[in-house]
Structures are given as structure tokens and as C-alpha cells.
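Source file data.cif; content: mmCIF, C-alpha atoms.
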```
data_structure
#
loop_
_atom_site.label_atom_id
_atom_site.label_comp_id
_atom_site.auth_asym_id
_atom_site.auth_seq_id
_atom_site.Cartn_x
_atom_site.Cartn_y
_atom_site.Cartn_z
CA MET A 162 46.68 89.65 -37.90
CA THR A 163 45.69 90.72 -41.39
CA LYS A 164 47.86 89.81 -44.34
CA LYS A 165 48.99 92.29 -46.93
CA PHE A 166 47.56 91.83 -50.41
CA GLU A 167 50.97 90.78 -51.81
CA GLU A 168 51.25 87.91 -49.28
CA PHE A 169 48.20 86.02 -50.55
CA PRO A 170 48.79 83.28 -53.13
CA THR A 171 48.19 84.28 -56.72
CA TRP A 172 45.74 82.37 -58.91
CA LYS A 173 48.59 80.29 -60.28
CA GLU A 174 49.71 79.25 -56.77
CA MET A 175 46.22 78.57 -55.42
CA PRO A 176 45.39 74.81 -55.17
CA VAL A 177 42.40 73.52 -57.15
CA GLY A 178 39.32 72.67 -55.09
CA LEU A 179 39.44 71.86 -51.40
CA VAL A 180 42.84 70.42 -50.61
CA VAL A 181 43.47 68.72 -47.27
CA PHE A 182 47.06 68.10 -46.20
CA ALA A 183 47.92 64.54 -45.24
CA PRO A 184 49.20 63.64 -41.76
CA PRO A 185 52.67 62.03 -41.47
CA VAL A 186 53.00 58.27 -42.00
CA ASN A 187 52.51 56.45 -38.64
CA GLY A 188 52.05 59.78 -36.89
CA PRO A 189 48.60 60.64 -35.64
CA ASN A 190 46.39 63.19 -37.34
CA PRO A 191 47.26 66.30 -35.27
CA HIS A 192 44.00 68.12 -35.98
CA TYR A 193 41.50 65.61 -34.60
CA LYS A 194 42.08 64.13 -31.15
CA THR A 195 39.62 61.42 -30.17
CA GLY A 196 40.72 60.60 -26.60
CA THR A 197 37.59 62.23 -25.17
CA PHE A 198 35.43 59.37 -26.58
CA ARG A 199 36.93 57.09 -23.94
CA THR A 200 35.27 55.92 -20.72
CA LEU A 201 37.38 52.77 -20.21
CA ARG A 202 41.16 52.74 -20.47
CA PRO A 203 43.14 49.66 -21.65
CA VAL A 204 45.90 48.69 -19.21
CA THR A 205 48.35 45.90 -20.11
CA ASP A 206 49.65 43.54 -17.44
CA PRO A 207 53.39 43.02 -18.24
CA ALA A 208 53.42 39.62 -16.50
CA LYS A 209 50.69 38.14 -18.71
CA CYS A 210 51.60 39.82 -22.04
CA ASN A 211 53.20 37.42 -24.55
CA LYS A 212 54.02 40.24 -27.01
CA ASP A 213 52.23 38.67 -29.98
CA GLY A 214 50.94 42.02 -31.23
CA LEU A 215 47.33 41.12 -31.96
CA CYS A 216 46.18 44.24 -30.07
CA TRP A 217 48.32 46.36 -32.41
CA LEU A 218 46.93 44.62 -35.51
CA TYR A 219 43.26 44.75 -34.52
CA CYS A 220 43.13 48.31 -33.08
CA PRO A 221 40.55 50.11 -35.29
CA ASP A 222 42.00 53.51 -34.38
CA SER A 223 45.65 52.57 -35.20
CA CYS A 224 46.62 54.14 -31.86
CA ARG A 225 48.90 51.36 -30.60
CA SER A 226 52.65 51.50 -31.25
CA SER A 227 54.16 48.56 -33.16
CA ASP A 228 57.00 48.35 -30.61
CA ALA A 229 56.77 45.14 -28.53
CA GLU A 230 59.22 46.47 -25.90
CA THR A 231 56.73 49.13 -24.76
CA LEU A 232 53.96 46.47 -24.66
CA PHE A 233 52.38 48.11 -27.74
CA ALA A 234 51.95 51.44 -25.92
CA VAL A 235 48.58 53.15 -26.36
CA ASN A 236 48.43 56.76 -27.51
CA LEU A 237 45.88 58.04 -24.99
CA ASP A 238 45.19 61.21 -26.96
CA TYR A 239 43.55 59.01 -29.61
CA CYS A 240 42.37 55.76 -27.92
CA LYS A 241 38.55 55.63 -27.96
CA GLY A 242 38.37 52.84 -25.37
CA CYS A 243 36.42 50.39 -27.53
CA GLY A 244 37.98 47.33 -25.85
CA VAL A 245 38.74 45.37 -29.04
CA CYS A 246 42.36 44.87 -27.86
CA ALA A 247 41.20 43.37 -24.54
CA GLU A 248 38.80 41.06 -26.40
CA VAL A 249 41.31 39.71 -28.95
CA CYS A 250 44.17 39.23 -26.46
CA PRO A 251 44.75 35.44 -26.20
CA THR A 252 46.29 35.67 -22.70
CA LYS A 253 43.73 38.22 -21.37
CA ALA A 254 46.59 40.54 -20.38
CA ILE A 255 44.64 43.72 -21.14
CA SER A 256 41.97 44.94 -18.74
CA MET A 257 39.60 47.84 -19.33
CA ILE A 258 39.62 50.14 -16.29
CA ASN A 259 37.20 52.98 -15.63
CA GLU A 260 38.68 56.33 -16.60
CA LEU A 261 37.58 57.91 -13.28
CA GLU A 262 40.11 55.79 -11.39
CA PHE A 263 42.99 57.64 -13.03
CA LYS A 264 44.15 61.01 -11.71
CA GLU A 265 45.56 62.50 -14.92
CA MET B 164 55.54 44.81 -57.59
CA SER B 165 56.25 47.27 -54.83
CA TRP B 166 56.01 44.73 -51.99
CA GLU B 167 58.48 42.09 -50.87
CA LYS B 168 55.86 39.39 -50.56
CA LEU B 169 52.45 38.93 -52.13
CA GLU B 170 51.03 36.78 -49.35
CA ILE B 171 50.81 37.80 -45.72
CA ARG B 172 50.49 34.75 -43.48
CA THR B 173 51.75 35.80 -40.04
CA LEU B 174 52.18 38.92 -37.92
CA LYS B 175 55.85 39.11 -38.92
CA ASP B 176 54.88 39.55 -42.59
CA ALA B 177 52.43 42.35 -41.75
CA PRO B 178 53.91 45.75 -42.65
CA LYS B 179 54.67 47.92 -39.61
CA ASP B 180 53.83 51.28 -41.22
CA GLU B 181 50.37 52.78 -40.88
CA TYR B 182 48.96 54.80 -43.77
CA PHE B 183 45.52 55.20 -42.19
CA VAL B 184 46.58 56.90 -38.97
CA ALA B 185 44.90 57.67 -35.64
CA GLY B 186 42.60 60.68 -35.39
CA HIS B 187 39.34 59.99 -37.17
CA ARG B 188 35.75 60.44 -36.08
CA THR B 189 34.48 56.85 -36.46
CA CYS B 190 32.57 55.14 -33.63
CA GLN B 191 34.22 53.04 -30.93
CA GLY B 192 35.14 49.62 -32.31
CA CYS B 193 34.37 50.58 -35.93
CA GLY B 194 34.72 47.63 -38.32
CA PRO B 195 35.08 49.70 -41.52
CA ALA B 196 37.89 51.76 -39.92
CA LEU B 197 39.72 48.52 -39.12
CA ALA B 198 39.22 47.45 -42.75
CA CYS B 199 40.62 50.79 -44.01
CA LYS B 200 43.65 50.45 -41.75
CA LEU B 201 44.40 46.92 -42.98
CA ILE B 202 43.81 47.84 -46.65
CA ALA B 203 46.16 50.84 -46.42
CA LYS B 204 48.75 48.74 -44.59
CA ALA B 205 48.64 46.03 -47.27
CA ALA B 206 48.62 48.41 -50.25
CA GLY B 207 51.63 50.38 -49.04
CA PRO B 208 52.94 53.87 -49.83
CA ARG B 209 52.45 53.73 -53.62
CA ALA B 210 48.66 53.63 -53.43
CA VAL B 211 46.00 56.19 -54.23
CA VAL B 212 42.66 55.85 -52.44
CA ILE B 213 39.36 57.22 -53.71
CA THR B 214 36.39 56.93 -51.38
CA ALA B 215 32.76 57.41 -52.28
CA THR B 216 30.45 59.18 -49.85
CA GLY B 217 29.75 56.96 -46.87
CA CYS B 218 31.01 56.38 -43.35
CA MET B 219 34.61 56.13 -44.43
CA TYR B 220 34.45 59.51 -46.15
CA VAL B 221 32.21 61.52 -43.82
CA ALA B 222 33.48 60.25 -40.48
CA ASN B 223 37.13 60.24 -41.48
CA CYS B 224 37.53 63.52 -43.23
CA SER B 225 36.13 66.02 -40.78
CA TYR B 226 36.59 69.60 -41.95
CA ASN B 227 40.15 70.16 -43.20
CA THR B 228 41.66 67.04 -41.66
CA THR B 229 42.20 63.52 -42.91
CA PRO B 230 43.66 60.32 -41.46
CA TRP B 231 44.94 59.11 -44.87
CA ALA B 232 48.71 59.48 -45.11
CA ILE B 233 48.57 58.44 -48.79
CA PRO B 234 46.93 60.45 -51.62
CA TRP B 235 43.19 60.43 -51.13
CA MET B 236 40.20 61.84 -53.01
CA HIS B 237 36.46 61.98 -52.46
CA ALA B 238 34.02 60.85 -55.17
CA GLN B 239 30.26 61.27 -55.28
CA LEU B 240 28.05 58.52 -53.87
CA GLY B 241 27.25 57.04 -57.27
CA GLY B 242 30.55 57.95 -58.88
CA ILE B 243 33.05 55.50 -57.43
CA GLY B 244 33.35 53.44 -60.62
CA SER B 245 33.93 56.37 -62.94
CA ALA B 246 36.30 58.14 -60.50
CA VAL B 247 38.50 55.07 -60.03
CA CYS B 248 38.48 54.20 -63.72
CA GLY B 249 39.32 57.81 -64.66
CA ALA B 250 42.15 58.06 -62.13
CA ALA B 251 43.71 54.82 -63.37
CA ALA B 252 43.41 55.95 -67.02
CA ALA B 253 44.87 59.39 -66.19
CA TYR B 254 47.95 57.92 -64.47
CA LYS B 255 48.51 55.68 -67.48
CA ALA B 256 48.19 58.58 -69.93
CA MET B 257 50.46 60.90 -67.92
CA MET B 258 53.13 58.22 -67.67
CA ARG B 259 52.90 57.61 -71.42
CA LYS B 260 53.34 61.31 -72.15
CA GLY B 261 56.29 61.57 -69.79
CA LYS B 262 54.61 63.94 -67.32
CA LEU B 263 55.03 61.44 -64.46
CA LYS B 264 57.82 59.02 -63.64
CA LYS B 265 56.99 55.50 -64.85
CA GLU B 266 56.22 53.39 -61.79
CA GLU B 267 53.55 51.16 -60.38
CA ILE B 268 50.70 53.13 -58.80
CA HIS B 269 47.87 51.22 -57.17
CA VAL B 270 44.46 52.85 -57.55
CA ILE B 271 41.97 51.72 -54.91
CA GLY B 272 38.29 52.66 -54.83
CA LEU B 273 36.53 52.33 -51.50
CA ALA B 274 32.74 52.40 -51.33
CA GLY B 275 30.20 51.37 -48.73
CA ASP B 276 27.52 48.81 -49.41
CA GLY B 277 25.06 51.54 -50.43
CA GLY B 278 27.62 53.25 -52.64
CA ALA B 279 28.60 49.99 -54.32
CA ALA B 280 25.54 47.74 -54.36
CA ASP B 281 22.72 50.28 -54.74
CA ILE B 282 23.68 53.70 -56.03
CA GLY B 283 27.05 53.11 -57.65
CA LEU B 284 26.34 49.69 -59.13
CA SER B 285 26.17 50.85 -62.77
CA GLY B 286 29.40 52.83 -62.37
CA ILE B 287 31.17 49.82 -60.87
CA SER B 288 29.89 47.64 -63.69
CA GLY B 289 31.32 50.12 -66.19
CA ALA B 290 34.64 50.26 -64.37
CA MET B 291 34.84 46.46 -64.37
CA LEU B 292 34.38 46.41 -68.16
CA SER B 293 36.89 49.22 -68.76
CA GLY B 294 40.07 47.16 -68.46
CA GLU B 295 41.96 49.85 -66.50
CA ASP B 296 44.16 48.60 -63.68
CA HIS B 297 42.35 49.24 -60.38
CA LEU B 298 40.78 47.57 -57.36
CA ILE B 299 37.31 48.42 -56.06
CA ILE B 300 36.66 47.47 -52.43
CA THR B 301 33.25 47.43 -50.81
CA TYR B 302 33.14 47.57 -47.03
CA ASP B 303 29.88 45.83 -46.27
CA ASN B 304 28.35 46.98 -42.99
CA GLU B 305 24.91 45.91 -44.20
CA SER B 306 23.17 49.30 -43.98
CA TYR B 307 23.52 53.00 -44.79
CA ALA B 308 25.13 53.49 -41.37
CA ASN B 309 26.41 57.00 -42.06
CA THR B 310 22.96 58.56 -42.37
CA GLY B 311 21.47 56.62 -39.44
CA VAL B 312 21.16 52.91 -40.33
CA GLN B 313 18.75 52.71 -43.27
CA ALA B 314 18.19 49.45 -45.15
CA SER B 315 20.38 48.85 -48.19
CA SER B 316 20.20 45.96 -50.64
CA LEU B 317 22.94 44.21 -48.64
CA THR B 318 20.93 44.22 -45.38
CA PRO B 319 20.26 40.58 -44.41
CA TRP B 320 16.82 39.04 -44.03
CA GLY B 321 15.08 39.84 -40.74
CA ALA B 322 17.37 42.68 -39.65
CA TRP B 323 16.18 45.83 -37.91
CA THR B 324 17.00 49.14 -39.59
CA THR B 325 15.29 52.51 -39.25
CA PHE B 326 13.59 51.83 -42.62
CA THR B 327 12.47 48.34 -41.62
CA PRO B 328 11.39 48.57 -37.96
CA PRO B 329 9.74 45.40 -36.62
CA GLY B 330 6.34 46.04 -35.04
CA LYS B 331 2.73 44.92 -34.85
CA MET B 332 2.00 45.23 -38.59
CA LEU B 333 5.27 43.72 -39.82
CA ARG B 334 6.76 41.34 -37.30
CA LEU B 335 10.02 40.88 -39.18
CA GLY B 336 12.36 43.71 -39.96
CA ASN B 337 13.84 43.53 -43.43
CA VAL B 338 12.01 41.00 -45.62
CA ARG B 339 14.38 41.31 -48.59
CA VAL B 340 17.18 38.83 -49.06
CA LYS B 341 20.78 40.06 -49.19
CA LYS B 342 22.12 40.70 -52.68
CA ASP B 343 25.08 38.55 -53.70
CA LEU B 344 27.30 41.30 -55.08
CA PRO B 345 30.64 39.48 -55.64
CA LYS B 346 28.92 36.64 -57.51
CA MET B 347 27.06 39.22 -59.58
CA ILE B 348 30.30 41.01 -60.52
CA ALA B 349 32.01 37.70 -61.32
CA ALA B 350 29.12 36.32 -63.39
CA GLY B 351 28.41 39.50 -65.32
CA HIS B 352 31.99 40.53 -66.14
CA PRO B 353 33.95 37.57 -67.47
CA ASN B 354 37.05 39.71 -68.12
CA VAL B 355 37.49 40.51 -64.40
CA ARG B 356 40.39 38.37 -63.25
CA TYR B 357 40.02 38.66 -59.51
CA VAL B 358 36.84 38.78 -57.39
CA ALA B 359 37.01 37.94 -53.68
CA THR B 360 35.30 38.28 -50.32
CA ALA B 361 37.08 38.94 -47.03
CA SER B 362 36.39 39.79 -43.41
CA THR B 363 38.06 42.18 -40.97
CA SER B 364 38.27 39.36 -38.43
CA PHE B 365 40.62 37.46 -40.78
CA PRO B 366 43.22 40.23 -41.28
CA PHE B 367 45.94 38.18 -42.99
CA ASP B 368 43.44 36.83 -45.49
CA LEU B 369 42.15 40.37 -46.12
CA MET B 370 45.63 41.86 -46.61
CA THR B 371 46.65 39.04 -48.97
CA LYS B 372 43.51 39.54 -51.04
CA VAL B 373 44.12 43.30 -51.31
CA ARG B 374 47.62 42.60 -52.65
CA LYS B 375 46.38 39.91 -55.04
CA GLY B 376 43.66 42.24 -56.35
CA LEU B 377 46.21 44.99 -56.95
CA ALA B 378 48.76 42.64 -58.51
CA VAL B 379 46.51 41.34 -61.30
CA LYS B 380 46.44 43.41 -64.46
CA GLY B 381 43.05 44.95 -65.06
CA PRO B 382 40.11 45.55 -62.73
CA ALA B 383 39.50 43.56 -59.55
CA PHE B 384 36.75 43.53 -56.95
CA LEU B 385 36.81 42.77 -53.22
CA GLN B 386 33.96 42.78 -50.72
CA VAL B 387 34.89 43.05 -47.03
CA HIS B 388 32.46 42.12 -44.26
CA THR B 389 32.80 44.78 -41.53
CA PRO B 390 30.70 44.59 -38.34
CA CYS B 391 29.19 47.94 -37.29
CA PRO B 392 28.56 48.30 -33.52
CA LYS B 393 26.12 51.19 -33.95
CA GLY B 394 24.05 49.79 -36.80
CA TRP B 395 24.01 46.17 -35.63
CA LYS B 396 23.48 47.12 -31.97
CA PHE B 397 26.23 45.32 -30.14
CA SER B 398 28.89 46.31 -27.64
CA PRO B 399 31.96 47.81 -29.41
CA GLU B 400 34.48 45.29 -28.03
CA LEU B 401 32.69 42.44 -29.86
CA THR B 402 33.55 43.72 -33.38
CA VAL B 403 36.18 41.07 -34.06
CA ARG B 404 34.25 38.23 -32.39
CA ILE B 405 31.08 38.93 -34.40
CA GLY B 406 32.98 39.08 -37.68
CA ARG B 407 34.58 35.73 -36.86
CA LEU B 408 31.23 34.20 -35.87
CA ALA B 409 29.70 35.32 -39.18
CA VAL B 410 32.27 33.21 -41.00
CA GLU B 411 32.15 30.30 -38.57
CA THR B 412 28.34 30.04 -38.79
CA GLY B 413 28.30 30.33 -42.59
CA MET B 414 26.41 33.65 -42.68
CA TRP B 415 29.43 35.06 -44.53
CA THR B 416 31.81 33.00 -46.67
CA LEU B 417 35.40 33.76 -47.64
CA TYR B 418 36.30 32.83 -51.20
CA GLU B 419 38.15 34.10 -54.23
CA ILE B 420 37.42 33.74 -57.93
CA GLU B 421 40.73 33.93 -59.75
CA ASP B 422 40.55 33.72 -63.57
CA GLY B 423 37.13 32.10 -63.26
CA GLN B 424 38.35 29.46 -60.79
CA PHE B 425 36.31 29.39 -57.57
CA LYS B 426 38.33 28.65 -54.42
CA LEU B 427 37.25 28.70 -50.77
CA SER B 428 39.73 30.61 -48.60
CA TYR B 429 38.49 29.38 -45.24
CA LYS B 430 36.43 26.35 -44.44
CA PRO B 431 35.07 26.25 -40.88
CA PRO B 432 35.91 22.81 -39.42
CA LYS B 433 32.48 22.51 -37.83
CA ARG B 434 29.86 25.12 -38.54
CA LYS B 435 28.26 26.75 -35.50
CA PRO B 436 24.48 27.34 -35.35
CA VAL B 437 23.44 30.73 -36.76
CA SER B 438 21.57 31.61 -33.54
CA GLU B 439 24.98 32.08 -31.87
CA TYR B 440 25.71 34.91 -34.32
CA LEU B 441 22.19 36.37 -34.34
CA LYS B 442 21.67 36.44 -30.57
CA LEU B 443 24.68 38.70 -30.00
CA GLN B 444 23.14 41.48 -32.10
CA GLY B 445 20.33 43.84 -31.13
CA ARG B 446 19.14 44.18 -34.72
CA PHE B 447 17.98 40.54 -34.64
CA ALA B 448 16.50 40.75 -31.11
CA HIS B 449 12.89 40.48 -32.36
CA LEU B 450 13.45 37.14 -34.16
CA ARG B 451 11.94 33.97 -32.67
CA GLU B 452 12.82 30.27 -32.83
CA PRO B 453 11.08 29.58 -36.22
CA ASP B 454 12.98 32.53 -37.76
CA TYR B 455 16.30 31.11 -36.56
CA ARG B 456 15.33 27.78 -38.12
CA TYR B 457 14.42 29.50 -41.42
CA ILE B 458 17.77 31.37 -41.53
CA GLN B 459 19.60 28.13 -40.63
CA GLU B 460 17.93 26.34 -43.56
CA GLN B 461 18.88 29.13 -45.97
CA VAL B 462 22.48 29.18 -44.72
CA ASP B 463 22.72 25.37 -44.92
CA ALA B 464 21.53 25.42 -48.53
CA ALA B 465 23.97 28.21 -49.46
CA CYS B 466 26.89 26.44 -47.75
CA LYS B 467 26.07 23.18 -49.51
CA GLN B 468 26.10 24.98 -52.85
CA LEU B 469 29.50 26.53 -52.10
CA GLY B 470 30.93 23.22 -50.92
CA ILE B 471 31.52 24.16 -47.28
CA ASP B 472 29.64 21.17 -45.86
#
```

Conversion result in C-alpha cells:
Amino acid sequence: MTKKFEEFPTWKEMPVGLVVFAPPVNGPNPHYKTGTFRTLRPVTDPAKCNKDGLCWLYCPDSCRSSDAETLFAVNLDYCKGCGVCAEVCPTKAISMINELEFKE
Amino acid sequence: MSWEKLEIRTLKDAPKDEYFVAGHRTCQGCGPALACKLIAKAAGPRAVVITATGCMYVANCSYNTTPWAIPWMHAQLGGIGSAVCGAAAAYKAMMRKGKLKKEEIHVIGLAGDGGAADIGLSGISGAMLSGEDHLIITYDNESYANTGVQASSLTPWGAWTTFTPPGKMLRLGNVRVKKDLPKMIAAGHPNVRYVATASTSFPFDLMTKVRKGLAVKGPAFLQVHTPCPKGWKFSPELTVRIGRLAVETGMWTLYEIEDGQFKLSYKPPKRKPVSEYLKLQGRFAHLREPDYRYIQEQVDAACKQLGID
């Protein structure tokens, strides 16, 4: 759909240089999903988890929720499956499972 | 100060909000991305980040998107010092003239080891002399990892990079010794009140140092050791373990120089042999037993000088 000439911003309204709009605080960047990087998926065992939150702190992709009640739920649209959370977990509650074993 | 506490000691003190959010193009298990996340978390919402060209600019800010939820700007590879210094001076001037509300704004400059230790070194030196209130952070992944792992002046002795491939003519990879950037900044700029080193594997220490660097009036400098799975050739889940081993073996030391006073932040109770750290990484795979002994001697001497042993 083409815009009319009057709808375009004037030179006074035009931002200087290349301006990129920031994503919301805590919310993921909606324009760049990185879930397709993943070959292994982190799965938390609720029986072993002691809810210390090290997985949330050490996640390089900031894709874990800070909520301990959801066992620091992973946002699977963004998790790259690096396995850092499974490595730093002191109780070894997180296991990395092959993505092909999941249906969805 | 805009934070409740200066020091972060436990997970309960760590701020919950993320200002470096999910959705960036860094590799699996990226150490610099973890550093960025912790820096943004510690600095809080009233921070402005300027990044020089490098991994943390190119991989993060893919066309028209950014993971920074706080104001962010790109500076040229050699221009981190002047950009940070200029931004800090501009905020001061605009507040003086009444164009902005008077408040505390933290200006952070983020540069890779190439952008800080090689190309941008003169700019950083100038910014350190300027006296403006800012913090320059170097994330040290020991190579130009963004362009395909070329040797920088912070690449350690013996490491493989695409510029220093080990082979028949030259058995060792890099034959240059790693530059001691934080000591250089501290020795050459006596007016700088805070110079420190940190590691991503010690997140509370790193976050505390970011806050301390921002809290002092005038320029401050922080160098963060960030393991790079692609450039150092190790499996991505080992990022945190390798960073911790670097400190526990003495290959990397955590200290701070506050008003000229040197203080060790972490002293390993019993230092591990360096081969434990080197053998986990593919970039040191060509080294042999005499090379391990040579590196061990160098590390022992350095640790003795710093007072770790």
C-alpha cells in the first residue's frame, strides 16, 4: 500500500541517522528470534531443582524467567541450547535433551 | 546513586530486570553476551551504552533490531574513547544549560579487546585523561572474534588464531605475550580513580565492580575476561567453567586498583596447574609438555608478583 505524500514525515519530524527502536525491558526483542539455533533443549527436573536461580543468572541469552515458581521457565523462541544452565546447576537438575524427541 | 546497594554479594541482591534482552545473534554460550547482560543488569535503567565495532555491536544489532532496552549508540572501532568522553561531556553541558533534567546518568563505553587494546588505545588514553564521568569496559575474548578469530595484542602466548596458525615452519601459534592493559591504564593515568579486572564466571564480583566504576567521580576502566566458544574452540556449555578455571589457575587475576591502592578481589585457595585450563581448549591443542611448563613458570612468576602465592 503506497502512502500519500502528506503522510510521510517532514524533515523536522525525521529522526537523525539510523534510529533503532529499543525492545521493552525484560521482554524479548520481537524482531530477532533465535530458537532455531537450538539442537538440544534444557529440561528441568522439578524434584531435583533447589530454585537457587543460577541458571537464570548465567544464561547468556537472558531467555530464562526470574520466577522461581515456574522453575525459571525457558523462552523456547529464544533459547539457543548452549547448555550453560545445565553445566552451572549445582544439583544437576537440568538435562539437555535432543530436539528431535519433542513433537512440537 | 540510583541503586539501593553498591555491592552485590548474593543472588537476592542481583537486580531482577534485564536491560540486555533475549533476541541477539551471538553464538551459543557466548561469554561477551553474558558480560553485557550482567553489566546492563548492574548499571540499571539510568545508563547509556556506547559500543565500538566488535562482536557486541555486529552480532547484537542486526539490521533494525537491538537487544538493548536502554539507550545505545554505535561508535567507530577506534572511536570508543572520544565517543564516551563526548557523550559524558554533552550530558553535563545540557544539564547545566537546563535542556535536560538534572539527574545521574551513567555513561558506559563497551569495546572488544581489539577496539580497546589495539585500535582504540589512544582514544581510551585521551578519555582517561579527560576527567569526564564515564566507565570504559573491555570485554576481553583474546582475539578479533567478530571478523573470524584474528590475533590481537591480548591473545595469549601459544594460542591458535587464523593469523597465527601453528604448522611446520612455526610450531607455536602466537609468539607474542599478552598485553597488560589494566596495569597500563593504571600506571599511565594517575588521575584515574578506579581500574579493575573481572570475569563473567564471577558475576557478583563483576556487577559490584561495574557499580563501583560508575559510582566514582571521573573516568574508570574495567577489563572483563569473557571466554569465546568459537574463537577458543571449546564446547559452548563450558563457557562458565573455563572462565572459572582461568582464575583458579592464575592465567587471569581479579583485582581492583582504587585510588592507587592495589587489592586482590579473589585469591584461589590452591592454584590448579595451567594444563587443566589449556587442555580444555582447541586453540592450545598443538602445545606439548615443555610449553605447558613454560606457561606454568610465567604464570607462577606473575602470581608471585601480584601476591597470590

With the cut-off set at 7 Å and counting all atoms listed in the file, tabulate each residue of chain B with an atom at most that distance from an atom of chain A, showing the nearest atom pair and its distance in Å to one decimal, ordered by chain and increasing number, as CSV.
```
residue,atom,partner,partner_atom,distance
B:Lys179,CA,A:Ser227,CA,6.5
B:Asp180,CA,A:Asn187,CA,5.9
B:Glu181,CA,A:Asn187,CA,4.8
B:Tyr182,CA,A:Val186,CA,5.6
B:Val184,CA,A:Pro189,CA,5.4
B:Ala185,CA,A:Pro189,CA,4.7
B:Gly186,CA,A:Asn190,CA,4.9
B:His187,CA,A:Tyr193,CA,6.5
B:Gln191,CA,A:Cys243,CA,4.8
B:Gly192,CA,A:Cys243,CA,5.0
B:Cys193,CA,A:Pro221,CA,6.2
B:Ala196,CA,A:Pro221,CA,5.6
B:Leu197,CA,A:Pro221,CA,4.2
B:Asn227,CA,A:Val181,CA,5.4
B:Thr228,CA,A:Val181,CA,6.1
B:Thr229,CA,A:Ala183,CA,6.3
B:Pro230,CA,A:Asn190,CA,5.7
B:Trp231,CA,A:Ala183,CA,6.2
B:Ala232,CA,A:Ala183,CA,5.1
B:Pro399,CA,A:Cys243,CA,5.5
B:Glu400,CA,A:Val245,CA,4.4
B:Leu401,CA,A:Val245,CA,6.8
B:Thr402,CA,A:Val245,CA,7.0
```

Practice task
Rank A:Ala229, A:Glu265, A:Glu168, A:Ile255 by their smallest atom-to-atom distance to A:Asp206, using all atoms listed in the file, and report the top residue only.
Solution key: A:Ile255

Practice task
Specify as a list in words each residue included when the PyMOL selection byres ((chain B and resi 242) around 9) is applied to this file.
Solution key: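 Going through the file, the PyMOL selection byres ((chain B and resi 242) around 9) ends up selecting Ala215, Ala238, Gln239, Leu240, Gly241, Ile243, Gly244, Ser245, Ala246, Val247, Gly278, Ile282, Gly283, Gly286 and Ile287 of chain B.
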
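Within the file as shown, the PyMOL selection byres ((chain B and resi 269-271) around 7) identifies Arg209, Ala210, Val211, Val212, Ile213, Val247, Ala251, Glu267, Ile268, Gly272, Leu273, His297, Leu298, Ile299 and Leu377 of chain B.
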
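For the file shown, the residue list from the PyMOL selection byres ((chain B and resi 188) around 6) reads His187, Thr189, Ala222 and Asn223 of chain B.
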
Exercise for the section: Provide the atom CA of B:Thr318 to atom CA of B:Asp343 distance in Å, to one decimal place. Expected result: 10.9 Å

Exercise for the section: Considering only C-alpha atoms, return as a count of residues only whatever protein or nucleic-acid residues lie within 12 Å of B:Gly470, sequence-local ones (same chain, fewer than 3 positions apart) excluded. Expected result: 16

Practice task
For a cut-off of 9 Å around (28.0, 38.0, -38.9), file coordinates, pick out all residues using only C-alpha atoms and list them as a ChimeraX atom specification.
Solution key: /B:388-390,405-415,437,440-441

Restricting the output to C-alpha atoms, write the selected residues as a PDB file, in the coordinates of the input.
```pdb
ATOM      1  CA  HIS B 388      32.460  42.120 -44.260  1.00  0.00           C
ATOM      2  CA  THR B 389      32.800  44.780 -41.530  1.00  0.00           C
ATOM      3  CA  PRO B 390      30.700  44.590 -38.340  1.00  0.00           C
ATOM      4  CA  ILE B 405      31.080  38.930 -34.400  1.00  0.00           C
ATOM      5  CA  GLY B 406      32.980  39.080 -37.680  1.00  0.00           C
ATOM      6  CA  ARG B 407      34.580  35.730 -36.860  1.00  0.00           C
ATOM      7  CA  LEU B 408      31.230  34.200 -35.870  1.00  0.00           C
ATOM      8  CA  ALA B 409      29.700  35.320 -39.180  1.00  0.00           C
ATOM      9  CA  VAL B 410      32.270  33.210 -41.000  1.00  0.00           C
ATOM     10  CA  GLU B 411      32.150  30.300 -38.570  1.00  0.00           C
ATOM     11  CA  THR B 412      28.340  30.040 -38.790  1.00  0.00           C
ATOM     12  CA  GLY B 413      28.300  30.330 -42.590  1.00  0.00           C
ATOM     13  CA  MET B 414      26.410  33.650 -42.680  1.00  0.00           C
ATOM     14  CA  TRP B 415      29.430  35.060 -44.530  1.00  0.00           C
ATOM     15  CA  VAL B 437      23.440  30.730 -36.760  1.00  0.00           C
ATOM     16  CA  TYR B 440      25.710  34.910 -34.320  1.00  0.00           C
ATOM     17  CA  LEU B 441      22.190  36.370 -34.340  1.00  0.00           C
TER      18      LEU B 441
END
```

Handout entry: Distance of atom CA of A:Phe233 from atom CA of B:Gly207, expressed in Å to one decimal place
Key =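 Between atom CA of B:Gly207 and atom CA of A:Phe233 the gap works out to 21.4 Å.
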